[in-house]
$ cat work.csv   # CSV, C-alpha atoms
chain,number,residue,atom,x,y,z
A,1,VAL,CA,114.0,52.5,-26.3
A,2,PHE,CA,114.3,52.4,-30.1
A,3,TYR,CA,110.7,51.5,-30.7
A,4,GLY,CA,109.6,54.0,-28.1
A,5,TRP,CA,111.6,56.7,-29.8
A,6,LEU,CA,109.9,55.8,-33.1
A,7,TYR,CA,106.5,55.9,-31.4
A,8,SER,CA,107.2,59.3,-29.8
A,9,ASN,CA,108.6,60.9,-33.0
A,10,PHE,CA,106.2,59.7,-35.6
A,11,LYS,CA,102.6,60.9,-35.4
A,12,ASN,CA,101.0,58.5,-37.9
A,13,PHE,CA,98.4,56.5,-36.1
A,14,THR,CA,98.9,53.4,-38.2
A,15,PHE,CA,102.6,53.4,-37.7
A,16,ARG,CA,102.1,53.9,-33.9
A,17,VAL,CA,99.8,50.9,-33.8
A,18,PHE,CA,102.4,48.9,-35.7
A,19,VAL,CA,105.1,49.9,-33.2
A,20,ILE,CA,102.9,48.8,-30.3
A,21,PHE,CA,102.3,45.4,-32.0
A,22,VAL,CA,106.0,45.0,-32.6
A,23,LEU,CA,106.8,45.8,-28.9
A,24,ALA,CA,104.1,43.4,-27.7
A,25,GLY,CA,105.5,40.7,-30.0
A,26,VAL,CA,109.0,41.2,-28.9
A,27,GLY,CA,108.0,41.1,-25.2
A,28,TYR,CA,105.8,38.1,-25.8
A,29,SER,CA,108.6,36.2,-27.6
A,30,LEU,CA,111.1,37.0,-24.9
A,31,ILE,CA,108.8,35.5,-22.3
A,32,TYR,CA,107.6,32.6,-24.5
A,33,HIS,CA,111.2,31.5,-25.3
A,34,ARG,CA,112.1,31.9,-21.6
A,35,PHE,CA,114.8,34.5,-22.2
A,36,HIS,CA,113.1,36.8,-19.7
A,37,ASN,CA,110.1,36.9,-17.4
A,38,TYR,CA,107.2,39.4,-17.0
A,39,PHE,CA,109.1,41.5,-14.5
A,40,ASP,CA,112.0,41.8,-16.9
A,41,VAL,CA,109.8,42.9,-19.8
A,42,PHE,CA,107.7,45.4,-17.8
A,43,GLY,CA,110.9,46.7,-16.1
A,44,ALA,CA,112.4,47.2,-19.6
A,45,LEU,CA,109.3,49.0,-20.7
A,46,PHE,CA,109.3,51.2,-17.6
A,47,PHE,CA,113.0,52.2,-18.0
A,48,GLY,CA,112.6,52.6,-21.7
A,49,VAL,CA,109.8,55.2,-21.2
A,50,LEU,CA,111.9,56.8,-18.5
A,51,LEU,CA,114.9,57.1,-20.8
A,52,ILE,CA,112.8,58.5,-23.6
A,53,LEU,CA,111.3,61.1,-21.3
A,54,SER,CA,114.7,62.0,-20.0
A,55,ALA,CA,116.1,62.3,-23.5
A,56,HIS,CA,113.3,64.7,-24.5
A,57,LEU,CA,113.9,66.8,-21.4
A,58,ILE,CA,117.7,67.0,-22.1
A,59,ILE,CA,117.1,67.8,-25.8
A,60,LYS,CA,114.8,70.7,-24.8
A,61,LYS,CA,117.1,72.0,-22.1
A,62,TYR,CA,120.5,71.4,-23.8
A,63,PRO,CA,119.8,71.2,-27.6
A,64,ASN,CA,123.5,71.9,-28.6
A,65,ILE,CA,125.1,69.2,-26.4
A,66,TYR,CA,122.5,66.5,-25.8
A,67,ASP,CA,124.4,64.1,-28.0
A,68,LEU,CA,127.5,64.6,-25.9
A,69,ILE,CA,125.5,64.0,-22.8
A,70,CYS,CA,124.1,60.8,-24.3
A,71,PHE,CA,127.7,59.7,-25.2
A,72,ALA,CA,128.9,60.4,-21.6
A,73,PHE,CA,126.0,58.6,-20.0
A,74,THR,CA,126.4,55.6,-22.3
A,75,SER,CA,130.1,55.5,-21.6
A,76,LEU,CA,129.5,55.5,-17.9
A,77,VAL,CA,127.0,52.6,-18.3
A,78,MET,CA,129.6,50.7,-20.4
A,79,LEU,CA,132.1,51.3,-17.6
A,80,TYR,CA,129.6,50.0,-15.0
A,81,ILE,CA,128.9,46.9,-17.1
A,82,TYR,CA,132.6,46.3,-17.5
A,83,LEU,CA,133.3,46.6,-13.7
A,84,MET,CA,130.2,44.7,-12.5
A,85,HIS,CA,129.6,42.1,-15.2
A,86,GLN,CA,131.2,41.3,-18.5
A,87,LEU,CA,131.0,43.2,-21.7
A,88,THR,CA,129.7,41.1,-24.6
A,89,HIS,CA,129.8,41.8,-28.4
A,90,TYR,CA,126.2,42.9,-28.1
A,91,HIS,CA,127.2,45.7,-25.8
A,92,TRP,CA,129.9,46.8,-28.1
A,93,MET,CA,127.6,46.6,-31.1
A,94,VAL,CA,125.1,49.0,-29.7
A,95,TYR,CA,127.8,51.3,-28.2
A,96,LEU,CA,129.7,51.6,-31.4
A,97,ALA,CA,126.6,52.2,-33.5
A,98,LEU,CA,125.6,55.0,-31.0
A,99,ILE,CA,129.0,56.6,-31.2
A,100,GLY,CA,128.8,56.5,-35.0
A,101,ILE,CA,125.4,58.1,-35.1
A,102,ILE,CA,126.4,60.8,-32.6
A,103,PHE,CA,129.6,61.8,-34.4
A,104,SER,CA,128.1,61.6,-37.9
A,105,HIS,CA,125.2,63.6,-36.6
A,106,ARG,CA,127.6,66.2,-35.3
A,107,ILE,CA,129.5,66.4,-38.6
A,108,PHE,CA,126.4,66.6,-40.8
A,109,ALA,CA,124.2,68.5,-38.3
A,110,LYS,CA,123.2,71.1,-40.9
A,111,THR,CA,121.3,68.5,-42.9
A,112,VAL,CA,119.6,66.8,-40.0
A,113,GLY,CA,117.0,69.6,-39.4
A,114,ILE,CA,116.0,69.8,-43.1
A,115,THR,CA,112.6,68.5,-43.9
A,116,LEU,CA,112.6,66.0,-46.7
A,117,THR,CA,109.8,65.3,-49.1
A,118,LYS,CA,108.5,61.8,-49.5
A,119,ARG,CA,110.6,61.3,-52.6
A,120,PHE,CA,113.8,62.3,-50.7
A,121,LYS,CA,112.8,60.2,-47.7
A,122,LEU,CA,112.6,57.2,-50.0
A,123,LEU,CA,115.9,58.0,-51.6
A,124,ASN,CA,117.5,58.5,-48.1
A,125,THR,CA,116.2,55.1,-47.1
A,126,ILE,CA,117.6,53.4,-50.2
A,127,ILE,CA,121.0,55.1,-49.7
A,128,ALA,CA,121.1,54.0,-46.0
A,129,ILE,CA,120.1,50.4,-46.9
A,130,PHE,CA,122.8,50.4,-49.6
A,131,PHE,CA,125.5,51.7,-47.2
A,132,VAL,CA,124.5,49.2,-44.5
A,133,GLY,CA,124.4,46.4,-47.1
A,134,CYS,CA,127.9,47.3,-48.4
A,135,ILE,CA,129.2,47.4,-44.9
A,136,LYS,CA,127.7,44.0,-44.0
A,137,LEU,CA,129.0,42.6,-47.3
A,138,ILE,CA,132.6,43.8,-46.7
A,139,PHE,CA,132.7,42.8,-43.0
A,140,GLY,CA,131.2,39.4,-43.9
A,141,LEU,CA,134.6,38.6,-45.3
A,142,ILE,CA,136.3,39.2,-42.0
A,143,ASP,CA,136.6,36.6,-39.2
A,144,GLN,CA,133.8,37.2,-36.7
A,145,SER,CA,136.0,36.6,-33.7
A,146,SER,CA,138.2,39.5,-34.8
A,147,ALA,CA,138.1,42.8,-33.0
A,148,ILE,CA,137.9,44.6,-36.4
A,149,TYR,CA,134.6,42.7,-37.1
A,150,ILE,CA,132.7,44.6,-34.4
A,151,MET,CA,133.8,48.0,-36.0
A,152,GLN,CA,131.2,47.5,-38.7
A,153,TRP,CA,128.6,48.9,-36.2
A,154,LEU,CA,130.6,52.1,-35.9
A,155,LEU,CA,130.4,52.4,-39.7
A,156,VAL,CA,126.7,51.6,-39.7
A,157,GLY,CA,126.1,54.3,-37.2
A,158,LEU,CA,128.2,56.8,-39.2
A,159,SER,CA,126.4,55.9,-42.4
A,160,LEU,CA,122.9,56.7,-41.3
A,161,PRO,CA,123.2,60.5,-40.8
A,162,PHE,CA,125.7,60.5,-43.7
A,163,SER,CA,123.0,59.0,-46.0
A,164,ARG,CA,120.8,62.0,-45.2
A,165,PHE,CA,123.6,64.3,-46.1
A,166,ILE,CA,124.2,62.5,-49.4
A,167,CYS,CA,120.4,62.7,-50.1
A,168,HIS,CA,120.4,66.4,-49.4
A,169,GLN,CA,123.3,67.0,-51.7

$ encode --input "work.csv" --output "structure tokens"
Amino acid sequence: VFYGWLYSNFKNFTFRVFVIFVLAGVGYSLIYHRFHNYFDVFGALFFGVLLILSAHLIIKKYPNIYDLICFAFTSLVMLYIYLMHQLTHYHWMVYLALIGIIFSHRIFAKTVGITLTKRFKLLNTIIAIFFVGCIKLIFGLIDQSSAIYIMQWLLVGLSLPFSRFICHQ
């Protein structure tokens, strides 16, 4: 879904070709290393496209609350996984990063729609990498089996829209 979102939101032909190669490489490696089979990879591709199309429709129809709809839907999926299977740290990692992005996006919504020049995009990227690096460095000191350790992904999610706010300031 992440790479599909990148593909749908960036119109640069070279970048789109790169995204396709990355997706093909990820799919191939999952099959090659026998983590998944062809049906799994094509099913993920199908549902990823379905999720991206659904997200675009929701964003167009409900632009002011689409992030809350995303949060509610993801929370229901987490509940389903908890009831039917077992939640792993990978589930929490993605969920907490999404919560961080949603709430940081809500807080700094005024700066999200601002078009940045190439210089500010580069600065935004450097600031985001700096924040993520600092978070990883600090949480590298914490025991990985600790529940606090997983909270780094909430901070990573919060830092991405925040870096754009800092860049804008």

$ closest_residue --input "work.csv" --among "A:Asn9, A:Asn64, A:Gln169, A:Ser163" --to "Thr125 of chain A" --atoms "only C-alpha atoms"
A:Ser163

$ residues_around --input "work.csv" --residues "Ile148 of chain A" --least-positions-apart "3" --cutoff "12 Å" --atoms "all atoms listed in the file" --output "list in words"
His89, Trp92, Met93, Leu96, Ile138, Phe139, Gly140, Leu141, Ile142, Asp143, Gln144, Ser145, Met151, Gln152, Trp153, Leu154 and Leu155 of chain A

$ atom_distance --input "work.csv" --atom1 "atom CA of Ile127 of chain A" --atom2 "atom CA of Phe103 of chain A"
18.8 Å

$ closest_residue --input "work.csv" --among "A:Tyr90, A:Tyr3, A:Phe46, A:Phe165" --to "Val26 of chain A" --atoms "all atoms listed in the file"
A:Tyr3

$ atom_distance --input "work.csv" --atom1 "atom CA of Ala128 of chain A" --atom2 "atom CA of Phe162 of chain A"
8.3 Å

$ closest_residue --input "work.csv" --among "A:Ile65, A:Leu50, A:Ser75, A:Arg164" --to "Leu122 of chain A" --atoms "all atoms listed in the file"
A:Arg164

$ atom_distance --input "work.csv" --atom1 "atom CA of Ser104 of chain A" --atom2 "atom CA of Phe71 of chain A"
12.8 Å

$ closest_residue --input "work.csv" --among "A:Tyr149, A:Tyr7, A:Pro161, A:Thr88" --to "Val49 of chain A" --atoms "all atoms listed in the file"
A:Tyr7

$ decode --input "work.csv" --residues "segment 141-152 of chain A" --atoms "all heavy atoms" --output "compact mmCIF listing (two decimals), in the first residue's frame"
# COMPACT_ATOMS: atom_id res chain seq x y z
N LEU A 141 18.76 2.35 23.22
CA LEU A 141 19.26 2.15 24.58
C LEU A 141 18.26 1.39 25.45
O LEU A 141 18.59 0.99 26.57
CB LEU A 141 19.57 3.51 25.22
CG LEU A 141 20.57 4.39 24.46
CD1 LEU A 141 20.64 5.77 25.10
CD2 LEU A 141 21.94 3.73 24.43
N ILE A 142 17.04 1.21 24.96
CA ILE A 142 15.98 0.56 25.73
C ILE A 142 15.91 -0.91 25.36
O ILE A 142 16.11 -1.29 24.21
CB ILE A 142 14.62 1.25 25.45
CG1 ILE A 142 14.68 2.72 25.91
CG2 ILE A 142 13.47 0.53 26.14
CD1 ILE A 142 13.46 3.51 25.52
N ASP A 143 15.60 -1.73 26.34
CA ASP A 143 15.43 -3.17 26.12
C ASP A 143 14.35 -3.42 25.07
O ASP A 143 13.23 -2.90 25.18
CB ASP A 143 15.06 -3.85 27.44
CG ASP A 143 14.85 -5.34 27.30
OD1 ASP A 143 15.44 -5.95 26.37
OD2 ASP A 143 14.10 -5.90 28.11
N GLN A 144 14.66 -4.20 24.04
CA GLN A 144 13.73 -4.42 22.93
C GLN A 144 12.50 -5.21 23.32
O GLN A 144 11.50 -5.17 22.62
CB GLN A 144 14.45 -5.12 21.77
CG GLN A 144 15.46 -4.24 21.11
CD GLN A 144 16.08 -4.89 19.89
OE1 GLN A 144 15.66 -5.97 19.47
NE2 GLN A 144 17.10 -4.27 19.34
N SER A 145 12.55 -5.92 24.42
CA SER A 145 11.37 -6.68 24.85
C SER A 145 10.42 -5.80 25.67
O SER A 145 9.31 -6.22 25.98
CB SER A 145 11.80 -7.89 25.67
OG SER A 145 12.47 -7.48 26.84
N SER A 146 10.84 -4.59 25.96
CA SER A 146 10.02 -3.67 26.75
C SER A 146 8.87 -3.12 25.90
O SER A 146 9.00 -2.90 24.70
CB SER A 146 10.89 -2.51 27.24
OG SER A 146 10.11 -1.49 27.77
N ALA A 147 7.74 -2.89 26.55
CA ALA A 147 6.59 -2.30 25.85
C ALA A 147 6.88 -0.87 25.43
O ALA A 147 6.34 -0.38 24.44
CB ALA A 147 5.36 -2.35 26.75
N ILE A 148 7.76 -0.20 26.15
CA ILE A 148 8.12 1.18 25.81
C ILE A 148 8.88 1.22 24.48
O ILE A 148 8.76 2.17 23.73
CB ILE A 148 8.95 1.80 26.95
CG1 ILE A 148 8.09 1.92 28.20
CG2 ILE A 148 9.51 3.16 26.55
CD1 ILE A 148 8.84 2.34 29.42
N TYR A 149 9.63 0.17 24.18
CA TYR A 149 10.44 0.13 22.96
C TYR A 149 9.58 0.31 21.71
O TYR A 149 9.98 0.99 20.76
CB TYR A 149 11.21 -1.19 22.89
CG TYR A 149 12.09 -1.31 21.67
CD1 TYR A 149 13.31 -0.63 21.63
CD2 TYR A 149 11.72 -2.08 20.59
CE1 TYR A 149 14.13 -0.74 20.52
CE2 TYR A 149 12.53 -2.18 19.48
CZ TYR A 149 13.74 -1.51 19.44
OH TYR A 149 14.54 -1.61 18.34
N ILE A 150 8.39 -0.27 21.68
CA ILE A 150 7.52 -0.20 20.52
C ILE A 150 6.96 1.21 20.32
O ILE A 150 6.55 1.58 19.23
CB ILE A 150 6.41 -1.27 20.60
CG1 ILE A 150 5.83 -1.58 19.23
CG2 ILE A 150 5.31 -0.85 21.53
CD1 ILE A 150 6.71 -2.41 18.38
N MET A 151 6.98 2.02 21.37
CA MET A 151 6.45 3.39 21.29
C MET A 151 7.28 4.29 20.38
O MET A 151 6.83 5.36 19.98
CB MET A 151 6.35 4.01 22.68
CG MET A 151 5.35 3.32 23.59
SD MET A 151 3.70 3.19 22.90
CE MET A 151 3.19 4.88 23.03
N GLN A 152 8.48 3.84 20.02
CA GLN A 152 9.30 4.63 19.10
C GLN A 152 8.58 4.86 17.78
O GLN A 152 8.75 5.91 17.15
CB GLN A 152 10.65 3.96 18.87
CG GLN A 152 10.57 2.68 18.04
CD GLN A 152 11.92 2.06 17.82
OE1 GLN A 152 12.84 2.74 17.40
NE2 GLN A 152 12.03 0.77 18.12
